[in-house]
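**Q** What follows is a structure written as structure tokens; I'll ask about it next.
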Amino acid sequence: MLAYIGLGSNLNNPKQQIKTAIMALHNTKDVEVVNLSSLYQSPPVDGSKQPDYINAVCEVKTHLTALELLYVCQEIETKQHRVREKKWGARTIDLDIILYGVQVLVSKKLIIPHPEMMNRAFVLVPLAELEDDLKVPVLGPIQDLILELGEFELTKL
């Protein structure tokens with residue numbers, strides 16, 4: 001199964017945090033990182049006073065279920081000292097499953113496609129970099145989603 005995982009960090013050397021998370025994913029049994037977007041810098045979603053974020057999206061091949069992949073992502077976050085003090089708060093690393101094949105999944109633990117992806121240039125732009133003609137289940141073509149965002153602050157690094 002092909003899946004896309006969004007990565008973000010704004011604490012403790014964010015570029016290195018993303019690199020460490022990518023290596024951890026790649027070293028996980030039944031997960032192979034096959035593609036990685038460029039890094040992008042963006043301000044915090046909530047406009048709060050915290051450092052800008054560094055984001056990327058990676059494409060993985062996996063034999064894990066979506067829920068098993070979620071647990072892998074959460075384990076990596078824990079190992080990289082992710083603290084969940086407040087929603088949209090600063091973090092060492094954040095890994096979100098954006099897409100899992102063409103599956104649509106709604107459960108208490110996981111929603112795919114990621115429910116906020118259509119509002120996040122730092123997800124859509126790197127995702128389109130990896131798959132320019134991607135059609136997102138339920139939501140439509142990735143290029144249309146980017147156009148619908150209108151203006152956004154995002155810098156390719």
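Naming scheme: A, B, ... for chains in displayed order of the structure tokens; residues 1 onward per chain; ligands 1 onward as shown.
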Excluding stretch 54-63 of chain A and any residue of its chain fewer than 2 positions from it, enumerate the residues within 7 Å of it, using only C-alpha atoms, and give them as a PyMOL selection string.

**A** chain A and resi 1-10+14-15+30-42+52+65+122-123+126-127

**Q** Run DSSP on the backbone and grab whatever in stretch 110-145 of chain A lands in strand (DSSP E); send it over as an MDAnalysis selection string.

**A** chainID A and resid 111:112 135:136 140:141

**Q** Hey, can you spit out that residue selection with N, CA and C atoms as a PDB file, in the first residue's frame?

**A**
```
ATOM      1  N   ILE A 111      -8.633   9.378  11.021  1.00  0.00           N
ATOM      2  CA  ILE A 111      -9.479   9.797   9.900  1.00  0.00           C
ATOM      3  C   ILE A 111      -8.577   9.989   8.682  1.00  0.00           C
ATOM      4  N   ILE A 112      -8.933   9.314   7.593  1.00  0.00           N
ATOM      5  CA  ILE A 112      -8.185   9.411   6.340  1.00  0.00           C
ATOM      6  C   ILE A 112      -9.184   9.595   5.211  1.00  0.00           C
ATOM      7  N   LYS A 135      -5.256  12.443  -7.146  1.00  0.00           N
ATOM      8  CA  LYS A 135      -6.680  12.659  -6.883  1.00  0.00           C
ATOM      9  C   LYS A 135      -6.940  12.164  -5.459  1.00  0.00           C
ATOM     10  N   VAL A 136      -7.271  13.084  -4.592  1.00  0.00           N
ATOM     11  CA  VAL A 136      -7.491  12.772  -3.183  1.00  0.00           C
ATOM     12  C   VAL A 136      -8.897  12.194  -3.025  1.00  0.00           C
ATOM     13  N   GLY A 140     -10.962  15.325  -4.269  1.00  0.00           N
ATOM     14  CA  GLY A 140     -10.696  15.676  -5.657  1.00  0.00           C
ATOM     15  C   GLY A 140      -9.227  15.899  -5.968  1.00  0.00           C
ATOM     16  N   PRO A 141      -8.943  16.488  -7.145  1.00  0.00           N
ATOM     17  CA  PRO A 141      -7.565  16.699  -7.592  1.00  0.00           C
ATOM     18  C   PRO A 141      -6.783  17.624  -6.656  1.00  0.00           C
TER      19      PRO A 141
END
```

**Q** Calculated over only C-alpha atoms, which of the candidates A:Glu148, A:Glu153, A:Glu77, A:Glu116 has the smallest distance to A:Ile98?

**A**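 Of A:Glu148, A:Glu153, A:Glu77, A:Glu116, the one nearest A:Ile98 is A:Glu116, counting only C-alpha atoms.
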
**Q** Which neighbours of A:Ile142 fall inside 9 Å, counting only C-alpha atoms, when residues of the same chain fewer than 6 positions from it are skipped, and could you give them as a list in words?

**A**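 Returned residues: Met118, Leu124, Val125, Leu127, Ala128, Glu131, Asp132, Asp133, Leu134, Lys135 and Val136 of chain A.
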
**Q** Determine which residues of stretch 1-109 of chain A DSSP labels as helix (DSSP H, G or I) from the backbone of this structure, then write them out as a ChimeraX atom specification.

**A** /A:14-26,66-79

**Q** Identify, on the basis of only C-alpha atoms, every residue whose closest approach to A:Thr92 does not exceed 12 Å; exclude the query and any residue fewer than 2 positions from it along the same chain; express the result as a compact mmCIF listing (two decimals) with N, CA and C atoms, in the first residue's frame.

**A**
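Listing of around33.txt after writing:
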```txt
# COMPACT_ATOMS: atom_id res chain seq x y z
N LEU A 7 5.02 15.49 7.88
CA LEU A 7 5.95 15.66 9.00
C LEU A 7 6.10 17.14 9.29
N GLY A 8 6.15 17.50 10.56
CA GLY A 8 6.33 18.89 10.93
C GLY A 8 7.07 19.01 12.25
N SER A 9 7.85 20.07 12.37
CA SER A 9 8.60 20.32 13.60
C SER A 9 8.91 21.81 13.70
N ASN A 10 8.94 22.31 14.93
CA ASN A 10 9.41 23.69 15.14
C ASN A 10 10.24 23.84 16.42
N LEU A 11 10.72 22.73 16.95
CA LEU A 11 11.55 22.75 18.16
C LEU A 11 12.79 21.86 17.99
N ASN A 12 13.85 22.23 18.69
CA ASN A 12 15.05 21.38 18.81
C ASN A 12 15.60 20.93 17.46
N ASN A 13 15.96 21.90 16.61
CA ASN A 13 16.54 21.63 15.30
C ASN A 13 15.54 20.90 14.40
N PRO A 14 14.51 21.60 13.95
CA PRO A 14 13.43 20.98 13.18
C PRO A 14 13.87 20.17 11.96
N LYS A 15 14.85 20.65 11.22
CA LYS A 15 15.30 19.88 10.05
C LYS A 15 15.84 18.52 10.48
N GLN A 16 16.60 18.50 11.56
CA GLN A 16 17.14 17.24 12.06
C GLN A 16 16.03 16.35 12.60
N GLN A 17 15.03 16.95 13.25
CA GLN A 17 13.90 16.17 13.75
C GLN A 17 13.20 15.44 12.61
N ILE A 18 13.00 16.13 11.50
CA ILE A 18 12.35 15.51 10.34
C ILE A 18 13.22 14.41 9.77
N LYS A 19 14.51 14.67 9.65
CA LYS A 19 15.45 13.66 9.13
C LYS A 19 15.44 12.42 10.02
N THR A 20 15.44 12.62 11.32
CA THR A 20 15.42 11.51 12.28
C THR A 20 14.13 10.69 12.14
N ALA A 21 13.02 11.37 11.99
CA ALA A 21 11.73 10.69 11.84
C ALA A 21 11.68 9.89 10.53
N PRO A 51 8.04 29.42 17.21
CA PRO A 51 8.85 29.40 15.99
C PRO A 51 8.07 28.88 14.78
N TYR A 53 7.34 26.61 11.52
CA TYR A 53 7.44 25.17 11.34
C TYR A 53 8.22 24.82 10.08
N ILE A 54 8.88 23.71 10.13
CA ILE A 54 9.47 23.08 8.96
C ILE A 54 8.61 21.85 8.70
N ASN A 55 8.15 21.70 7.45
CA ASN A 55 7.26 20.60 7.08
C ASN A 55 7.76 19.89 5.83
N ILE A 76 7.30 6.90 17.03
CA ILE A 76 8.39 7.78 16.60
C ILE A 76 8.27 9.13 17.30
N GLU A 77 7.06 9.68 17.36
CA GLU A 77 6.86 10.95 18.05
C GLU A 77 7.29 10.85 19.52
N THR A 78 6.92 9.77 20.16
CA THR A 78 7.29 9.57 21.57
C THR A 78 8.80 9.49 21.73
N LYS A 79 9.46 8.75 20.86
CA LYS A 79 10.93 8.61 20.94
C LYS A 79 11.63 9.94 20.70
N GLN A 80 10.97 10.83 19.95
CA GLN A 80 11.56 12.14 19.69
C GLN A 80 11.00 13.20 20.65
N HIS A 81 10.45 12.73 21.75
CA HIS A 81 10.03 13.58 22.87
C HIS A 81 8.91 14.56 22.52
N ARG A 82 7.96 14.09 21.71
CA ARG A 82 6.78 14.90 21.39
C ARG A 82 5.95 15.08 22.66
N VAL A 83 5.60 16.31 22.97
CA VAL A 83 4.76 16.63 24.12
C VAL A 83 3.48 17.25 23.58
N ARG A 84 2.34 16.77 24.08
CA ARG A 84 1.04 17.28 23.62
C ARG A 84 0.41 18.13 24.73
N GLY A 89 0.18 23.37 19.44
CA GLY A 89 1.33 23.89 20.18
C GLY A 89 2.64 23.49 19.53
N ALA A 90 3.71 24.13 19.97
CA ALA A 90 5.05 23.82 19.47
C ALA A 90 5.35 22.34 19.72
N ASP A 94 5.87 15.98 14.52
CA ASP A 94 4.47 15.60 14.32
C ASP A 94 4.43 14.76 13.05
N LEU A 95 3.86 13.59 13.13
CA LEU A 95 3.68 12.73 11.96
C LEU A 95 2.20 12.45 11.81
```

**Q** Using only C-alpha atoms, which protein or nucleic acid residues come within 9 Å of A:Leu149? Drop anything in the same chain fewer than 3 positions from it, and give the result as a PDB file with C-alpha atoms, in the first residue's frame.

**A**
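Output contents, as saved in part_35.pdb:
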```
ATOM      1  CA  MET A 118      -7.441  20.761   2.500  1.00  0.00           C
ATOM      2  CA  ASN A 119      -6.722  23.738   4.773  1.00  0.00           C
ATOM      3  CA  ARG A 120      -2.959  23.246   4.961  1.00  0.00           C
ATOM      4  CA  ALA A 121      -0.622  24.520   2.236  1.00  0.00           C
ATOM      5  CA  ASP A 144      -7.832  22.068  -7.260  1.00  0.00           C
ATOM      6  CA  LEU A 145      -7.360  21.860  -3.489  1.00  0.00           C
ATOM      7  CA  ILE A 146      -4.298  24.109  -3.698  1.00  0.00           C
ATOM      8  CA  PHE A 152      -0.898  31.199   1.872  1.00  0.00           C
TER       9      PHE A 152
END
```

**Q** Quote the spacing between atom CA of A:Lys156 and atom CA of A:Val138 in Å to one decimal place.

**A**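 Atom-to-atom, atom CA of A:Lys156 and atom CA of A:Val138 are spaced 27.6 Å apart.
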
**Q** Using Å and a single decimal, report how far atom CA of A:Lys109 sits from atom CA of A:Lys29.

**A**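 So the two atoms, atom CA of A:Lys29 and atom CA of A:Lys109, lie 22.0 Å apart.
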